[in-house]
file model-v4.cif (mmCIF, C-alpha atoms, pLDDT in the B column; chains and numbers go by the auth columns)
data_data
#
loop_
_atom_site.group_PDB
_atom_site.id
_atom_site.type_symbol
_atom_site.label_atom_id
_atom_site.label_comp_id
_atom_site.label_asym_id
_atom_site.label_seq_id
_atom_site.Cartn_x
_atom_site.Cartn_y
_atom_site.Cartn_z
_atom_site.B_iso_or_equiv
_atom_site.auth_seq_id
_atom_site.auth_asym_id
ATOM 1 C CA MET A 1 -21.335 69.852 19.422 42.00 1 A
ATOM 2 C CA LYS A 2 -24.056 67.301 18.750 43.00 2 A
ATOM 3 C CA GLU A 3 -26.115 66.034 21.647 42.00 3 A
ATOM 4 C CA LYS A 4 -25.700 62.261 21.919 46.00 4 A
ATOM 5 C CA LYS A 5 -28.614 60.014 22.698 44.00 5 A
ATOM 6 C CA TYR A 6 -27.368 57.154 24.791 43.00 6 A
ATOM 7 C CA GLY A 7 -30.358 54.853 25.063 45.00 7 A
ATOM 8 C CA LYS A 8 -30.224 51.551 26.929 48.00 8 A
ATOM 9 C CA ARG A 9 -26.847 50.420 25.516 44.00 9 A
ATOM 10 C CA GLY A 10 -25.334 53.823 26.274 48.00 10 A
ATOM 11 C CA GLU A 11 -26.509 53.594 29.859 55.00 11 A
ATOM 12 C CA GLN A 12 -24.938 50.131 30.182 55.00 12 A
ATOM 13 C CA THR A 13 -21.697 51.571 28.850 54.00 13 A
ATOM 14 C CA LYS A 14 -21.821 54.414 31.337 70.00 14 A
ATOM 15 C CA GLU A 15 -22.529 51.964 34.172 80.00 15 A
ATOM 16 C CA PHE A 16 -19.736 49.553 33.197 80.00 16 A
ATOM 17 C CA ILE A 17 -17.106 52.237 32.687 84.00 17 A
ATOM 18 C CA GLN A 18 -18.212 53.994 35.876 84.00 18 A
ATOM 19 C CA LYS A 19 -17.789 50.685 37.735 84.00 19 A
ATOM 20 C CA LEU A 20 -14.284 50.318 36.312 86.00 20 A
ATOM 21 C CA LEU A 21 -13.469 53.946 37.181 87.00 21 A
ATOM 22 C CA ASN A 22 -14.616 53.301 40.751 86.00 22 A
ATOM 23 C CA GLU A 23 -12.408 50.221 40.937 85.00 23 A
ATOM 24 C CA LEU A 24 -9.480 52.319 39.687 85.00 24 A
ATOM 25 C CA LYS A 25 -10.194 55.082 42.208 85.00 25 A
ATOM 26 C CA ASN A 26 -7.262 54.224 44.477 83.00 26 A
ATOM 27 C CA LYS A 27 -5.562 51.706 42.195 85.00 27 A
ATOM 28 C CA ASN A 28 -3.552 51.437 39.021 87.00 28 A
ATOM 29 C CA LEU A 29 -3.903 48.780 36.342 90.00 29 A
ATOM 30 C CA GLY A 30 -0.921 47.046 37.960 89.00 30 A
ATOM 31 C CA ASP A 31 -3.149 46.297 40.962 90.00 31 A
ATOM 32 C CA PHE A 32 -5.471 44.106 38.870 92.00 32 A
ATOM 33 C CA SER A 33 -4.813 40.558 37.719 92.00 33 A
ATOM 34 C CA LEU A 34 -3.911 40.054 34.076 93.00 34 A
ATOM 35 C CA LYS A 35 -6.700 37.497 33.937 94.00 35 A
ATOM 36 C CA ASP A 36 -9.292 40.151 34.868 92.00 36 A
ATOM 37 C CA LEU A 37 -7.814 42.650 32.430 93.00 37 A
ATOM 38 C CA LEU A 38 -7.104 40.524 29.366 94.00 38 A
ATOM 39 C CA THR A 39 -9.201 37.367 29.115 93.00 39 A
ATOM 40 C CA PRO A 40 -12.379 37.103 27.046 91.00 40 A
ATOM 41 C CA ASP A 41 -15.122 38.935 28.916 87.00 41 A
ATOM 42 C CA GLY A 42 -12.417 40.680 30.923 90.00 42 A
ATOM 43 C CA TYR A 43 -12.162 44.430 31.275 92.00 43 A
ATOM 44 C CA ALA A 44 -10.482 45.087 27.913 92.00 44 A
ATOM 45 C CA GLU A 45 -13.000 43.161 25.857 91.00 45 A
ATOM 46 C CA ARG A 46 -15.951 44.619 27.771 90.00 46 A
ATOM 47 C CA VAL A 47 -14.664 48.182 27.346 90.00 47 A
ATOM 48 C CA VAL A 48 -14.390 47.624 23.587 88.00 48 A
ATOM 49 C CA LYS A 49 -17.846 46.064 23.332 83.00 49 A
ATOM 50 C CA GLU A 50 -19.619 48.485 25.626 81.00 50 A
ATOM 51 C CA ALA A 51 -18.065 51.700 24.324 79.00 51 A
ATOM 52 C CA LYS A 52 -18.249 50.671 20.642 74.00 52 A
ATOM 53 C CA LEU A 53 -14.686 51.790 20.060 78.00 53 A
ATOM 54 C CA THR A 54 -13.322 52.019 16.549 79.00 54 A
ATOM 55 C CA ARG A 55 -10.128 50.334 15.536 84.00 55 A
ATOM 56 C CA VAL A 56 -8.768 53.555 14.005 86.00 56 A
ATOM 57 C CA GLN A 57 -9.068 55.596 17.207 82.00 57 A
ATOM 58 C CA LEU A 58 -7.733 52.804 19.383 87.00 58 A
ATOM 59 C CA ARG A 59 -4.759 52.277 17.062 89.00 59 A
ATOM 60 C CA LYS A 60 -3.956 55.995 17.269 89.00 60 A
ATOM 61 C CA ASN A 61 -4.060 55.867 21.057 90.00 61 A
ATOM 62 C CA TYR A 62 -2.113 52.625 21.159 92.00 62 A
ATOM 63 C CA ALA A 63 0.598 54.149 18.952 94.00 63 A
ATOM 64 C CA GLU A 64 1.072 56.897 21.556 93.00 64 A
ATOM 65 C CA PHE A 65 1.323 54.347 24.374 93.00 65 A
ATOM 66 C CA LYS A 66 3.744 52.280 22.284 95.00 66 A
ATOM 67 C CA ARG A 67 5.909 55.379 21.934 95.00 67 A
ATOM 68 C CA LEU A 68 5.972 55.648 25.746 94.00 68 A
ATOM 69 C CA GLU A 69 6.976 52.000 25.962 93.00 69 A
ATOM 70 C CA ASP A 70 9.802 52.570 23.478 95.00 70 A
ATOM 71 C CA MET A 71 11.012 55.554 25.512 95.00 71 A
ATOM 72 C CA LYS A 72 10.975 53.388 28.632 92.00 72 A
ATOM 73 C CA LYS A 73 13.002 50.684 26.852 92.00 73 A
ATOM 74 C CA ARG A 74 15.543 53.333 25.807 95.00 74 A
ATOM 75 C CA LYS A 75 15.739 54.269 29.504 93.00 75 A
ATOM 76 C CA GLU A 76 14.584 57.836 28.998 93.00 76 A
ATOM 77 C CA LYS A 77 14.234 59.806 32.208 94.00 77 A
ATOM 78 C CA ASP A 78 10.859 59.544 33.915 92.00 78 A
ATOM 79 C CA GLU A 79 10.386 63.313 33.612 95.00 79 A
ATOM 80 C CA VAL A 80 10.664 63.078 29.822 95.00 80 A
ATOM 81 C CA ILE A 81 8.171 60.197 29.680 94.00 81 A
ATOM 82 C CA LYS A 82 5.770 62.090 31.948 95.00 82 A
ATOM 83 C CA MET A 83 5.894 65.096 29.617 96.00 83 A
ATOM 84 C CA GLU A 84 4.770 62.785 26.809 95.00 84 A
ATOM 85 C CA ILE A 85 1.991 61.392 29.018 95.00 85 A
ATOM 86 C CA TYR A 86 0.731 64.935 29.642 96.00 86 A
ATOM 87 C CA LYS A 87 0.478 65.453 25.879 95.00 87 A
ATOM 88 C CA LEU A 88 -1.998 62.580 25.620 95.00 88 A
ATOM 89 C CA TYR A 89 -4.687 64.369 27.662 97.00 89 A
ATOM 90 C CA PRO A 90 -5.473 67.000 25.000 96.00 90 A
ATOM 91 C CA ILE A 91 -5.374 64.357 22.251 94.00 91 A
ATOM 92 C CA LEU A 92 -8.036 62.345 24.070 94.00 92 A
ATOM 93 C CA GLN A 93 -10.067 65.475 24.803 96.00 93 A
ATOM 94 C CA TYR A 94 -9.965 66.399 21.119 94.00 94 A
ATOM 95 C CA GLN A 95 -11.176 62.921 20.154 92.00 95 A
ATOM 96 C CA ALA A 96 -14.030 63.187 22.674 92.00 96 A
ATOM 97 C CA ASN A 97 -14.960 66.698 21.498 94.00 97 A
ATOM 98 C CA ARG A 98 -15.170 65.456 17.920 92.00 98 A
ATOM 99 C CA GLY A 99 -17.287 62.463 18.954 89.00 99 A
ATOM 100 C CA LEU A 100 -14.569 60.046 17.880 88.00 100 A
ATOM 101 C CA ILE A 101 -14.445 58.428 21.308 88.00 101 A
ATOM 102 C CA ASP A 102 -17.055 58.176 24.014 86.00 102 A
ATOM 103 C CA GLU A 103 -16.827 60.695 26.875 90.00 103 A
ATOM 104 C CA ASP A 104 -16.837 57.846 29.396 89.00 104 A
ATOM 105 C CA PHE A 105 -13.971 56.127 27.587 91.00 105 A
ATOM 106 C CA LYS A 106 -12.050 59.409 27.676 93.00 106 A
ATOM 107 C CA LYS A 107 -12.539 59.564 31.453 93.00 107 A
ATOM 108 C CA LEU A 108 -11.281 55.990 31.751 93.00 108 A
ATOM 109 C CA MET A 109 -8.206 56.810 29.685 94.00 109 A
ATOM 110 C CA PHE A 110 -7.564 59.919 31.793 95.00 110 A
ATOM 111 C CA LYS A 111 -7.659 57.741 34.913 94.00 111 A
ATOM 112 C CA ILE A 112 -5.263 55.235 33.337 93.00 112 A
ATOM 113 C CA LEU A 113 -2.913 58.084 32.388 94.00 113 A
ATOM 114 C CA ASP A 114 -3.130 59.459 35.945 93.00 114 A
ATOM 115 C CA GLY A 115 -2.126 56.041 37.290 90.00 115 A
ATOM 116 C CA LEU A 116 0.690 55.718 34.780 90.00 116 A
ATOM 117 C CA GLU A 117 2.010 59.198 35.552 89.00 117 A
ATOM 118 C CA SER A 118 2.057 58.461 39.278 86.00 118 A
ATOM 119 C CA ASN A 119 3.717 55.053 38.860 85.00 119 A
ATOM 120 C CA LEU A 120 5.838 54.397 35.778 86.00 120 A
ATOM 121 C CA GLU A 121 7.487 51.357 37.278 82.00 121 A
ATOM 122 C CA GLY A 122 7.339 47.636 36.582 83.00 122 A
ATOM 123 C CA LYS A 123 4.001 45.935 36.863 89.00 123 A
ATOM 124 C CA ASN A 124 1.857 49.062 36.479 90.00 124 A
ATOM 125 C CA PHE A 125 3.551 50.099 33.244 91.00 125 A
ATOM 126 C CA GLU A 126 3.554 46.532 31.907 93.00 126 A
ATOM 127 C CA TYR A 127 -0.129 45.940 32.708 94.00 127 A
ATOM 128 C CA THR A 128 -1.126 49.273 31.193 93.00 128 A
ATOM 129 C CA MET A 129 0.613 48.311 27.953 94.00 129 A
ATOM 130 C CA GLU A 130 -0.978 44.856 27.964 95.00 130 A
ATOM 131 C CA PHE A 131 -4.403 46.422 28.528 95.00 131 A
ATOM 132 C CA MET A 132 -3.899 48.788 25.578 94.00 132 A
ATOM 133 C CA LYS A 133 -2.783 45.889 23.349 94.00 133 A
ATOM 134 C CA ALA A 134 -5.862 43.920 24.389 94.00 134 A
ATOM 135 C CA LEU A 135 -8.177 46.833 23.554 93.00 135 A
ATOM 136 C CA VAL A 136 -6.786 46.903 20.023 92.00 136 A
ATOM 137 C CA ALA A 137 -6.896 43.106 19.702 91.00 137 A
ATOM 138 C CA TYR A 138 -10.511 42.818 20.801 89.00 138 A
ATOM 139 C CA THR A 139 -11.522 45.673 18.521 86.00 139 A
ATOM 140 C CA GLN A 140 -10.001 43.944 15.529 64.00 140 A
ATOM 141 C CA ARG A 141 -11.793 40.773 16.483 49.00 141 A
ATOM 142 C CA GLU A 142 -15.085 42.644 16.573 44.00 142 A
ATOM 143 C CA SER A 143 -14.572 44.293 13.186 44.00 143 A
#
call {"tool": "encode", "arguments": {"input": "model-v4.cif", "output": "structure tokens"}}
result
Amino acid sequence: MKEKKYGKRGEQTKEFIQKLLNELKNKNLGDFSLKDLLTPDGYAERVVKEAKLTRVQLRKNYAEFKRLEDMKKRKEKDEVIKMEIYKLYPILQYQANRGLIDEDFKKLMFKILDGLESNLEGKNFEYTMEFMKALVAYTQRES
């Protein structure tokens, strides 16, 4: 695997995502305000800008989250949805191993998945989906 050189921008990315990871330490996305998550210069837009995420990779990840949302709408059992959540971890690891997503972004997504797995209900699930939609939206805006 190639050694990445982060430079100043990479260090800012690491710092920002680490800050967000620390804020998520004992929280889920449902514990944040939608304003903080979704507005311009909110968490979603900053993650996209700082991590230089590509639209293709985000759309692939969003498609997996959308599938979870569809399962939830069909009232699938939580155990079935959780099995699908578990399948997302190796997908994200593969993307990180290939250099398709930043290692720090992978850690953030793992933390979001952990929070989703522990609380599939109401606000947490809804805010997670809104955050994922915003990531894709801000990436398209940047392209």
call {"tool": "atom_distance", "arguments": {"input": "model-v4.cif", "atom1": "CA of Glu121 in chain A", "atom2": "CA of Asp41 in chain A"}}
result
27.1 Å
call {"tool": "residues_around", "arguments": {"input": "model-v4.cif", "residues": "range 19-21 of chain A", "least_positions_apart": "4", "cutoff": "9 Å", "atoms": "only C-alpha atoms", "output": "list in words"}}
result
Lys14, Glu15, Lys25, Tyr43, Lys107, Leu108 and Lys111 of chain A
call {"tool": "atom_distance", "arguments": {"input": "model-v4.cif", "atom1": "CA of Tyr62 in chain A", "atom2": "CA of Glu76 in chain A"}}
result
19.2 Å
call {"tool": "closest_residue", "arguments": {"input": "model-v4.cif", "among": "A:Gln95, A:Asn124, A:Thr39, A:Ser118", "to": "Val56 in chain A", "atoms": "only C-alpha atoms"}}
result
A:Gln95
call {"tool": "residues_around", "arguments": {"input": "model-v4.cif", "residues": "Ala51 in chain A", "least_positions_apart": "2", "cutoff": "12 Å", "atoms": "all atoms listed in the file", "output": "compact mmCIF listing (two decimals) with C-alpha atoms, keeping the file's coordinate frame"}}
result
# COMPACT_ATOMS: atom_id res chain seq x y z
CA TYR A 6 -27.37 57.15 24.79
CA ARG A 9 -26.85 50.42 25.52
CA GLY A 10 -25.33 53.82 26.27
CA GLU A 11 -26.51 53.59 29.86
CA GLN A 12 -24.94 50.13 30.18
CA THR A 13 -21.70 51.57 28.85
CA LYS A 14 -21.82 54.41 31.34
CA GLU A 15 -22.53 51.96 34.17
CA PHE A 16 -19.74 49.55 33.20
CA ILE A 17 -17.11 52.24 32.69
CA GLN A 18 -18.21 53.99 35.88
CA TYR A 43 -12.16 44.43 31.28
CA ALA A 44 -10.48 45.09 27.91
CA GLU A 45 -13.00 43.16 25.86
CA ARG A 46 -15.95 44.62 27.77
CA VAL A 47 -14.66 48.18 27.35
CA VAL A 48 -14.39 47.62 23.59
CA LYS A 49 -17.85 46.06 23.33
CA LEU A 53 -14.69 51.79 20.06
CA THR A 54 -13.32 52.02 16.55
CA ARG A 55 -10.13 50.33 15.54
CA LEU A 58 -7.73 52.80 19.38
CA LEU A 100 -14.57 60.05 17.88
CA ILE A 101 -14.44 58.43 21.31
CA ASP A 102 -17.06 58.18 24.01
CA GLU A 103 -16.83 60.70 26.88
CA ASP A 104 -16.84 57.85 29.40
CA PHE A 105 -13.97 56.13 27.59
CA LYS A 106 -12.05 59.41 27.68
CA LYS A 107 -12.54 59.56 31.45
CA LEU A 108 -11.28 55.99 31.75
CA LEU A 135 -8.18 46.83 23.55
CA THR A 139 -11.52 45.67 18.52
call {"tool": "resolve_selection", "arguments": {"input": "model-v4.cif", "expression": "the PyMOL selection byres ((chain A and resi 81) around 10)", "output": "PyMOL selection string"}}
result
chain A and resi 67-72+75-80+82-86+117+120
call {"tool": "atom_distance", "arguments": {"input": "model-v4.cif", "atom1": "CA of Gly115 in chain A", "atom2": "CA of Leu38 in chain A"}}
result
18.1 Å
call {"tool": "closest_residue", "arguments": {"input": "model-v4.cif", "among": "A:Arg59, A:Leu116, A:Arg98, A:Leu92", "to": "Ala137 in chain A", "atoms": "all atoms listed in the file"}}
result
A:Arg59
call {"tool": "axis_aligned_box", "arguments": {"input": "model-v4.cif", "around": "range 22-38 of chain A", "padding_each_side": "8 Å", "output": "lines of an AutoDock Vina configuration file"}}
result
center_x = -7.8
center_y = 46.3
center_z = 36.9
size_x = 29.7
size_y = 33.6
size_z = 31.1
call {"tool": "closest_residue", "arguments": {"input": "model-v4.cif", "among": "A:Tyr127, A:Tyr89, A:Tyr94, A:Phe110", "to": "Phe32 in chain A", "atoms": "all atoms listed in the file"}}
result
A:Tyr127
call {"tool": "closest_residue", "arguments": {"input": "model-v4.cif", "among": "A:Met132, A:Lys60, A:Ile112, A:Tyr138", "to": "Leu29 in chain A", "atoms": "only C-alpha atoms"}}
result
A:Ile112
